[in-house]
Structure formats: structure tokens, C-alpha cells
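J.: Once you've had a glance at the structure underneath, I'll fire off some questions.
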Protein chains: 2
Amino acid sequence: MKEVLNYLERHQTRFWEELSEFVAIPSVSAQSEHREDMKRASDWLVRHCRQLGLTTEKHETPGNPVVVATTRQDGNAARPHYLVYGHYDVQPAEPFELWDADKQPFQPTVVGDSLYGRGTSDNKGQHFVHLKAIEAYLKTETPLPCDVTFLLEGEEEVGSEHLGDFLARERESLAAEGVVISDNGMPSLRHPALTYGLRGVAACEVKVHGPNRDLHSGIYGGAIDNPAMVLCQLLGSLRGPDGKVTVKGFYDDVRELTDYERQELARFPETDASLRRQLGVRQLFGELEYNSVEQRVARPTLEINGLTSGYQGEGSKTIIPAHASAKVTCRLVPDQKPRQVLQAVKRHLSGRCPRSAKIEFEAGHAGEAYLNSPESPSAEAALRALKRAFGHQPILMREGGSIPIVNDFKRVLNIDTLLLGLGLPDDNVHSPNEKVSLTALRKGMVMSAWLWQELGSL
Amino acid sequence: MKEVLNYLERHQTRFWEELSEFVAIPSVSAQSEHREDMKRASDWLVRHCRQLGLTTEKHETPGNPVVVATTRQDGNAARPHYLVYGHYDVQPAEPFELWDADKQPFQPTVVGDSLYGRGTSDNKGQHFVHLKAIEAYLKTETPLPCDVTFLLEGEEEVGSEHLGDFLARERESLAAEGVVISDNGMPSLRHPALTYGLRGVAACEVKVHGPNRDLHSGIYGGAIDNPAMVLCQLLGSLRGPDGKVTVKGFYDDVRELTDYERQELARFPETDASLRRQLGVRQLFGELEYNSVEQRVARPTLEINGLTSGYQGEGSKTIIPAHASAKVTCRLVPDQKPRQVLQAVKRHLSGRCPRSAKIEFEAGHAGEAYLNSPESPSAEAALRALKRAFGHQPILMREGGSIPIVNDFKRVLNIDTLLLGLGLPDDNVHSPNEKVSLTALRKGMVMSAWLWQELGSL
């Protein structure tokens, strides 16, 4: 391992040059004018992985290609096998004018400890870390305790539409012990983190129909129900003043946090005061018996994402609108069933809609929560690797968002994911002035190098 | 009177030709390309009034001119004096494609008993009726029991912005016993009507502020309040299941309907079933102790006119929106004070807004309700004139909408208005295929002829 670690230390400057070259390719998957850049980015990866000594193939899909690069040699399947997932596509860089003049999205620049550019953190910089760790093993001819296959797709920012099919098609060759993904965050450089849980999601649209057209509120108001009022009363009934969702059965399948989990989450460094300041609110709001970290990562929610009804322009228009609608999403935790939750919400609303209006409920996309054991051998292996690299006791984290590909790996390949995010809260992911911490990447490389040792010796 | 009535009967054909000529001028006040047409319409009126023998003047305003035409002779102020208000401007005719092929907005056509064209009912046809009645007096040299001054403006459809100032400037010359306006409706030809009350209005905008930007509902949901939910709960608390507005003090100043009024309103021919069918609702909604006519004309309401928050496009966006807002208007009845009502609504909402959100309340336009006595001598005079002309017992009506000019006449000239609408419910006012009933106009002329007798002998 000494040689591996020395190698990583010695080649830092070249690494940043390589990463900058990669980031300079504007591989924006959402914008069709960048189609050629998607090809360039995948070709760059293919070339790069081959230079490292990986057996590399580019797989075409109906969308952007998936690059698969592996340390596996034909006939050698004796070692444990892990996948590393990453994505070479990036978010659009707009609005360009909000990037600082000296920080251009596709002309990466180092300022202090940060490399600025679109995709530096999400996700080019993060999967680059694992490529470099493997490079160090291969170039120093240090025996790898396990085989590693990189799976680098180009459609994550547009929904990974073709990944599930690809996994199913390559089920055999991708059979593995687990997946490693660095595509999320850690609270700070002193708080390296293993994320073992994610929330799920269930979306729906609620529409209340009133009269067959917008009505003059003077002529009809008083004898005709107002669908915007009905919608407000229906939606308002979904949440109590105690922060609880009032839908019958909503919490039935919720798995409670264990004492160990609560204890680990308590180490999360963000305070309520900093959260309030950062978001500009006078007071937080949520279930009283949980703290704000628990509320955000391990408790289910129901949010109104949008409201539409009647007149929304300047001034006023005295109408009873013909209809009113809302976008609603629930964040779910283990072991809630998305479709059951949507059914329960539908029942709650339909049962309360007065006969003077008509409700229409449309279920939308849905995905289950994900939860890996925080005490599994592979989780403990990852924690040891984090500790060695960062020099601080890592945090066991759950995250409030959803990463649908993690469910794809579980569903199609039946394997769990180690989420080892290297992003920092101020990385401006999906925003102007995206950057990555070079220290996080450097320590990430060391973590990755140790990880294969730890996972290989399980 | 016989000669007057004979005159009206004999000249019907010419009257429809004249009215058609007037309607053919596309005097759309809202559209600047019709500026020249506004001048043409006012010039047509000036010419026409002079032919009748009225002393006529065109008064320029910062907007469209006001035509003033009077039977008054210098030095003769002995007779009672009444104003007749009307407006020569019309609503835009768009969408043109929704007019039937044989009915063009500015090429008036008679089909059966109806004259089709923009402005036939609102309002050219209706004030034309009063011009013809006066013409009959003047041309048959029948002594007029009172003096009549026509006040015909060109900005009603765009808010009568300059009328208040004009009335103030001409306060002396416009001093009168009362105003007669035919710019509204009656339920049917068998239900001629005197409208003696109108509702007022008070508008406001309510905005709830949450976090300082739209937040990722996965990362923050659970610990941060959702302003769309807060708005729904606040607005939802404004109305009870009994149809009552729950704002403290809302009903304090409401003048109750008298038995006589309820008895008169009960004669209104529209049924709940026909209202439901017409508006496409399964059930009406309102205060239980009032019937639907009473609810619509004599009870105050609070309506949400529009809702806006967060994401309103296709599919879903998992955000906690930064803010949510609503347009709200109240319809008011005597003796509610619009500003006090808005204050009470503001207090209700502010007092209930949690500290985890922030409410912003903006008061908008407001106007008091109008109520004339249904048993005053002039109201009774009008009822007698209606009865004579239509041959049916007239209805005493209150209307749910607001006609702000009526308040202008009261405020500036301190006179009451007799609202003698000749429009029918199917006149398609403000809509394609606007028409007027020729029978309604013919009987309206007779009513007007009798009205001056009745008012003159008070």
C-alpha cells in the first residue's frame, strides 16, 4: 500500500490536469446541441481507462453510451468483484451570467483548494477519484485485493432512462458483491461520511373541478362553491400543526430509527441555527419528537410543490375559477410502499371533497426508499477506509433525497450500494460556480485505495 | 300620452335602422386601434341627439369624450330633472371565430326577435330606448313632465376612469333628482325588474414567504415549512363548512334582508336546478339559511380568485416553493365597510400564520355596496312604469355584481339610481353572439315614456 499511496501523492498535479481536460468537455445531456460532446466525453473516458490498463468497452444505448472498464481478466473470477458507478454527463451551466467572471463552467480553474467548473463535483471529479486509485494499483503493480468494474453512464442528469435495461442485459458480466458510488456529499472535510439510507418518493397531482367555466363572482358568488377554496381546505387537512401528515395509515409501515442510528445522526455537524440562517427562515418546522436532521433524512413528508388556479396576473379578476390544482410529492422512508401511500392520500382527499366540487387525483412517479445496514461488514469496511483517509471518525448518514439508480442496482442485480460522497455542502452542485475541493478528492483517492483493501479482505 | 305611444309604435322600423347604424361603429374602448371609432360613435350621438331637438355638447376628457344632451332650456329649471346614464363604448368582439357565421359583431343583423351585434344589449341598445322615448315626446310636442339630461360616456368598459372628475366638474349643471340607468338585466320578458341594490367589493392579495429560494424537497423536506401548505391552511380557515366566512366581525355590519325583500326575491324565476345545470355543478353551496338568490345578491362572500406557487408545468418538480400567493375578493353588502373588512381578513390571516413562514397582505381596490330603498316614491314610480309597459308585475331585484358608477353618482352628486335593466340572461353580454331582444327594447321605450310621467308627477 505504501507504493500506492506514494503514487497518488506524487501525481497530483497531473491528475488535476487530466480532470480539467475531462471537465472542459461540455457534456450536458439535457441539451441536444451537446450531443457531439456526449460522444467526446465517453471517448475521453474510454481512452483514459485504456491508458490505465483497464479492459474498456463503450456500450451504445438508445441514449448516450455507457462506458464499462474493468480490472477483470478473462477466466479470473476468483477475487471479490465490485462495481463503481459514475456519470460523465453534467447539468446545464445556465445561467452563464451568474458564474463569476473568473470561473467559467467549461474552462476549469483552480482557486485556492477548489477546482471550479461544471461537473467538477457532480460527478466527473468524484468518479475520477476511484479511477486514480485503481491506476495507482495498476501502475505500481500492487496486487488488487478485488476486481473493480467501472460503469460510467451519460444520462444521470436526465433520469438514467436506459440504465435499468442496460443492467438487465449485462446482468451476468456485472454480477458483483456491491456497488460503490461517490455522487453525493459529506458534511465537511472533518466529517467524512458513509450514506446507508435514502428516502423514496411518491408524486401525484390533485385537481378540483368547480363550475364549467370561470364565473363572475358578483353574479354567482355565494351560491356556487369555489374550487380553489375546496383545494386549499383539502390540502390543508393533510398536515397537522404538530408537523404530522394526517393521512390515515401514512406512518403504519415507517421503520423507526434505531438508537444507534439516532446516535450517529446526532454527530451531524449542521445546527438548526445555521440551517435557519442559510435558508432565511425565522423558525424550523417539523415533527416535534425528531430533531431537524432526523426529520430530513429518516422521516416521511408530504409537500405541496406547486399550486395553480384562476387568475394569476397583475391586479385582480373577480372570478370563481373553474378549477384549481396542486402538485404534491411525498418523501418516503423504509418500509413505506409508494403506491399504498398514494392510495391513502387519494382516499383522504376523495372522502373529504364536498359534493359541490369534483376531485381528480392522478398518481405520478414513485420509488421506494433505500436502506442498507449501517452495521454490515461492507459498511464497516467503508468506515475504516474513510477513517484512514480523512483522519476523522466518519459519520453514518442517511440522506433525504432519492438516488433512483441505487434502487436499480438492488432490483436488477440484487446488490447493495456504498454511498461515499465526496462533495461538500458549498460545492454549488446544479448551480453556478460549481466547484470541488481538491483536498476532498485527494483524500478520496486515498480512501478508495484503502477501500479495496478493506473490501478485499472481508 | 297616446300620441307618444303611437309615435313609438309607428317608427319601430326606422329605430332599428338607426340603432344598427350606431352598433356598426366598432367603438371598442379597450383597443387603441379603435380610437378613431370612439370619436365616430360620439359624433354619431351628438348628431343624433341634435336631430331629436336636444341641446347637445361633446365634452372632451383625458380619455374618450362624454356626450351630454338635455331637454333643458336656459332659464327653465322649474321641472324635476333626471339624468339618464349610458355608455357608447363596447367590449372587444374577440374571439371573432366564435361568432356564428351569419352574426358579425359590427354588421348588426336581425334574426327573429333579436338584433345581433356587439353593444346591442351592452349598452347602445339600452340607452337608445330612452333617447327614443324622449324623441317621441319632442316630436309629438307632448309636454315633458320633467327635464332629462343624457350623460353618455365612452369608457365604461375600461373602468370609467374619467367619469368621477367629469361629474365633479359639472356638479352644478348635473344637479338632479336622480339617475336612470338601463345597463343591466331582467330575468325574462315576463319579469321586468327594478334593481335597487348592488354588492360592493374588496380585493386583496395574500403572499406567504417560506425559505429564501425553492428548496430540494429531499434535502430539506421535513424540517422546513412549506409556504404553499401554510397558504392553503390559512385560506382554508376563512370559510366554514356551513358556507359562512369565519373572519371575526365579518357579518357585524351586514344589513339583513327585510321580509318584504325576501318576498320579492322569491319571485325571481331562476331555479336551483337550472342554475346547477347551467354551471355544470352537482350541488350548490352557500349559507344554509338563505336561498340561492339571496346568497348571490344580498349576502357577502369571500372568494379565492387565483392561486400561484412553485412548479406549475408538466410532470413534477420536487421542491419546497419559496412562496405561495393568492388573489382574494370579498363581495360586500350594506352596511359593510370595505376597508374594515380587509383589515379583519388581514388580522385573521396574520394571527394564524406560524413563525416558520411569513405573511404579506396587500389590500387592493374596494367599493361599498349600493342600496336604494325599494319602497321610495321614485322606486314605486318606476315599478308602475314597468308594469304598464310589460304587462306583468315587476320584480324588485338586488344584484350580486358591482356597478361602480352608481357609487360615483351617489358620492359626487348625492343622487340615487334607478336601475332598469332591459337585458335578458341569454343576451351574451361580453361574449360572442351578443344580441338584444327587440321586444325588450320596444317595451323599454314604452316604459321610459311612462317613467317620465310617473317621475314628473311625484
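Identifiers in the C-alpha cells: chain A, B, ... in order shown; residue index from 1 per chain; ligand index from 1 in order shown.
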Please check the contacts: residues of chain B at most 6 Å away from chain A, using only C-alpha atoms, listed as an NGL selection string.
T.: :B and (211-212 or 218-225 or 232-233 or 236 or 279-286 or 292 or 295-296 or 301 or 305-312 or 319-320 or 355-356 or 400-401)
J.: Which residues are close to segment 337-347 of chain B, i.e. within 7 Å by only C-alpha atoms, leaving aside same-chain residues fewer than 5 positions away? Reply as a PyMOL selection string.
T.: chain B and resi 201-202+247-248+250+361+363+366-368
J.: Within segment 82-329 of chain B, find each residue whose DSSP state, derived from the backbone, is alpha helix (DSSP H), and express the selection as a PyMOL selection string.
T.: chain B and resi 124-139+163-169+217-220+227-236+259-265+272-279+292-297
J.: Would you please work out which residue, of B:Glu261, B:Asp253, B:Glu33, B:Glu18, is nearest to Tyr196 of chain B when using only C-alpha atoms?
T.: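 Residue with the minimum atom-to-atom distance to Tyr196 of chain B: B:Glu261.
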J.: So, counting only C-alpha atoms, which residue among A:Val148, A:Leu54, A:Leu371, A:Val254 is closest to Val179 of chain A?
T.: A:Val148
J.: So how many Å separate atom CA of Phe150 of chain A and atom CA of Ser373 of chain A, to one decimal?
T.: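 One can read the atom CA of Phe150 of chain A to atom CA of Ser373 of chain A distance as 23.6 Å.
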J.: With distances taken over only C-alpha atoms, which residue among A:Ala168, A:Gly63, A:Ala449, A:Leu19 lies nearest Arg35 of chain A?
T.: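 Smallest distance to Arg35 of chain A is found for A:Gly63.
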J.: Near Ile181 of chain A, counting only C-alpha atoms, which residues have an atom at most 9 Å away, once you skip same-chain residues fewer than 2 positions from it, shown as a list in words?
T.: Leu83, Val84, Tyr85, Gly86, Gln126, His127, Val179, Asp183, Asn184, Val406, Thr417, Leu418, Leu419, Leu420 and Gly421 of chain A
J.: Residues of the last selection are to be written out with N, CA and C atoms, as a PDB file, in the first residue's frame.
T.:
ATOM      1  N   LEU A  83     -18.540  -3.035  -8.271  1.00  0.00           N
ATOM      2  CA  LEU A  83     -18.789  -2.049  -9.328  1.00  0.00           C
ATOM      3  C   LEU A  83     -18.543  -0.648  -8.762  1.00  0.00           C
ATOM      4  N   VAL A  84     -18.066   0.241  -9.616  1.00  0.00           N
ATOM      5  CA  VAL A  84     -18.037   1.669  -9.278  1.00  0.00           C
ATOM      6  C   VAL A  84     -18.909   2.375 -10.303  1.00  0.00           C
ATOM      7  N   TYR A  85     -19.920   3.035  -9.833  1.00  0.00           N
ATOM      8  CA  TYR A  85     -20.817   3.763 -10.735  1.00  0.00           C
ATOM      9  C   TYR A  85     -20.457   5.247 -10.743  1.00  0.00           C
ATOM     10  N   GLY A  86     -20.561   5.844 -11.917  1.00  0.00           N
ATOM     11  CA  GLY A  86     -20.400   7.293 -12.022  1.00  0.00           C
ATOM     12  C   GLY A  86     -21.109   7.774 -13.270  1.00  0.00           C
ATOM     13  N   GLN A 126     -15.730  13.151  -8.854  1.00  0.00           N
ATOM     14  CA  GLN A 126     -15.935  12.100  -7.851  1.00  0.00           C
ATOM     15  C   GLN A 126     -15.630  10.696  -8.384  1.00  0.00           C
ATOM     16  N   HIS A 127     -16.005  10.402  -9.640  1.00  0.00           N
ATOM     17  CA  HIS A 127     -15.649   9.044 -10.094  1.00  0.00           C
ATOM     18  C   HIS A 127     -14.192   8.976 -10.562  1.00  0.00           C
ATOM     19  N   VAL A 179     -21.880  -2.227  -5.019  1.00  0.00           N
ATOM     20  CA  VAL A 179     -21.590  -1.048  -5.845  1.00  0.00           C
ATOM     21  C   VAL A 179     -21.039   0.046  -4.943  1.00  0.00           C
ATOM     22  N   ASP A 183     -21.375  10.075  -5.431  1.00  0.00           N
ATOM     23  CA  ASP A 183     -22.151  11.040  -6.227  1.00  0.00           C
ATOM     24  C   ASP A 183     -23.036  11.850  -5.299  1.00  0.00           C
ATOM     25  N   ASN A 184     -22.552  12.033  -4.085  1.00  0.00           N
ATOM     26  CA  ASN A 184     -23.337  12.803  -3.121  1.00  0.00           C
ATOM     27  C   ASN A 184     -22.363  13.542  -2.206  1.00  0.00           C
ATOM     28  N   VAL A 406     -29.721   3.603  -7.323  1.00  0.00           N
ATOM     29  CA  VAL A 406     -29.421   2.684  -6.221  1.00  0.00           C
ATOM     30  C   VAL A 406     -30.497   1.592  -6.165  1.00  0.00           C
ATOM     31  N   THR A 417     -25.472  -0.782  -2.200  1.00  0.00           N
ATOM     32  CA  THR A 417     -24.603   0.307  -2.623  1.00  0.00           C
ATOM     33  C   THR A 417     -23.924   0.945  -1.413  1.00  0.00           C
ATOM     34  N   LEU A 418     -22.636   1.199  -1.540  1.00  0.00           N
ATOM     35  CA  LEU A 418     -21.927   2.015  -0.550  1.00  0.00           C
ATOM     36  C   LEU A 418     -21.868   3.421  -1.128  1.00  0.00           C
ATOM     37  N   LEU A 419     -22.542   4.332  -0.473  1.00  0.00           N
ATOM     38  CA  LEU A 419     -22.550   5.713  -0.951  1.00  0.00           C
ATOM     39  C   LEU A 419     -21.469   6.485  -0.200  1.00  0.00           C
ATOM     40  N   LEU A 420     -20.435   6.859  -0.924  1.00  0.00           N
ATOM     41  CA  LEU A 420     -19.284   7.506  -0.290  1.00  0.00           C
ATOM     42  C   LEU A 420     -19.071   8.872  -0.926  1.00  0.00           C
ATOM     43  N   GLY A 421     -19.969   9.784  -0.588  1.00  0.00           N
ATOM     44  CA  GLY A 421     -19.958  11.098  -1.217  1.00  0.00           C
ATOM     45  C   GLY A 421     -18.754  11.932  -0.813  1.00  0.00           C
TER      46      GLY A 421
END
J.: Tell me, as an NGL selection string, which residues lie within 12 Å of Gln31 of chain B, counting only C-alpha atoms; anything in the same chain fewer than 4 positions away does not count.
T.: :B and (26-27 or 35-38 or 89-94 or 155 or 157-158)
J.: For those residues, write N, CA and C atoms to a file as a short mmCIF file (atom, residue, chain, number, x, y, z; two decimals), in the first residue's frame.
T.:
data_model
loop_
_atom_site.label_atom_id
_atom_site.label_comp_id
_atom_site.auth_asym_id
_atom_site.auth_seq_id
_atom_site.Cartn_x
_atom_site.Cartn_y
_atom_site.Cartn_z
N PRO B 26 -67.48 50.30 -34.59
CA PRO B 26 -66.81 49.42 -33.61
C PRO B 26 -66.10 50.22 -32.52
N SER B 27 -66.85 50.77 -31.62
CA SER B 27 -66.30 51.66 -30.59
C SER B 27 -65.79 50.86 -29.39
N ARG B 35 -59.43 54.02 -31.66
CA ARG B 35 -59.54 55.38 -31.15
C ARG B 35 -60.43 56.26 -32.06
N GLU B 36 -60.23 56.13 -33.37
CA GLU B 36 -60.99 56.94 -34.32
C GLU B 36 -62.49 56.57 -34.26
N ASP B 37 -62.76 55.28 -34.00
CA ASP B 37 -64.14 54.82 -33.91
C ASP B 37 -64.85 55.38 -32.67
N MET B 38 -64.07 55.61 -31.62
CA MET B 38 -64.65 56.21 -30.42
C MET B 38 -65.18 57.61 -30.77
N ASP B 89 -69.29 53.02 -25.53
CA ASP B 89 -68.17 52.10 -25.82
C ASP B 89 -68.64 50.66 -25.59
N VAL B 90 -67.95 49.74 -26.26
CA VAL B 90 -68.34 48.33 -26.18
C VAL B 90 -67.12 47.47 -25.84
N GLN B 91 -67.40 46.24 -25.42
CA GLN B 91 -66.36 45.25 -25.17
C GLN B 91 -65.69 44.85 -26.48
N PRO B 92 -64.44 44.39 -26.41
CA PRO B 92 -63.82 43.80 -27.61
C PRO B 92 -64.72 42.66 -28.13
N ALA B 93 -64.69 42.45 -29.44
CA ALA B 93 -65.55 41.42 -30.03
C ALA B 93 -64.86 40.06 -30.10
N GLU B 94 -63.56 40.03 -29.84
CA GLU B 94 -62.82 38.78 -29.88
C GLU B 94 -63.38 37.78 -28.88
N GLU B 155 -66.11 55.17 -21.72
CA GLU B 155 -65.04 54.45 -21.03
C GLU B 155 -65.56 53.47 -19.99
N GLU B 157 -66.37 50.35 -20.26
CA GLU B 157 -65.77 49.01 -20.35
C GLU B 157 -64.30 48.99 -19.94
N VAL B 158 -63.73 50.16 -19.71
CA VAL B 158 -62.34 50.21 -19.24
C VAL B 158 -62.24 50.90 -17.88
#
J.: So how far away is atom CA of Leu386 of chain A from atom CA of Leu451 of chain A, in Å?
T.: 8.0 Å
J.: For Thr61 of chain B, work out the shell of residues within 12 Å, counting only C-alpha atoms and skipping chain neighbours fewer than 5 positions away, then give it as a list in words.
T.: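 Non-adjacent residues within range: Val66, Val67, Glu153, Gly154, Glu155, Ser160, Glu161, His162, Leu163, Gly164, Asp165, Phe166, Leu167 and Arg169 of chain B.
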J.: Apply DSSP to the backbone of this structure and, from segment 14-66 of chain B, keep only the residues in strand (DSSP E or B); write these as a PDB file with C-alpha atoms, in the first residue's frame.
T.:
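Okay, part_29.pdb is ready:
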ATOM      1  CA  VAL B  28     -64.088  49.292 -28.593  1.00  0.00           C
ATOM      2  CA  THR B  55     -79.256  70.692 -26.578  1.00  0.00           C
ATOM      3  CA  THR B  56     -76.115  68.663 -27.072  1.00  0.00           C
ATOM      4  CA  GLU B  57     -72.472  69.129 -26.164  1.00  0.00           C
ATOM      5  CA  LYS B  58     -69.439  66.947 -26.531  1.00  0.00           C
ATOM      6  CA  HIS B  59     -67.104  67.218 -23.511  1.00  0.00           C
ATOM      7  CA  VAL B  66     -68.689  62.443 -22.768  1.00  0.00           C
TER       8      VAL B  66
END
J.: Go through B:Ser29, B:Ser457, B:Ser182, B:Thr109 one by one, measure the shortest atom-to-atom distance of each to Gly444 of chain B using only C-alpha atoms, and give the residue with the smallest value.
T.: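 Among the listed residues, the smallest separation from Gly444 of chain B belongs to B:Ser182.
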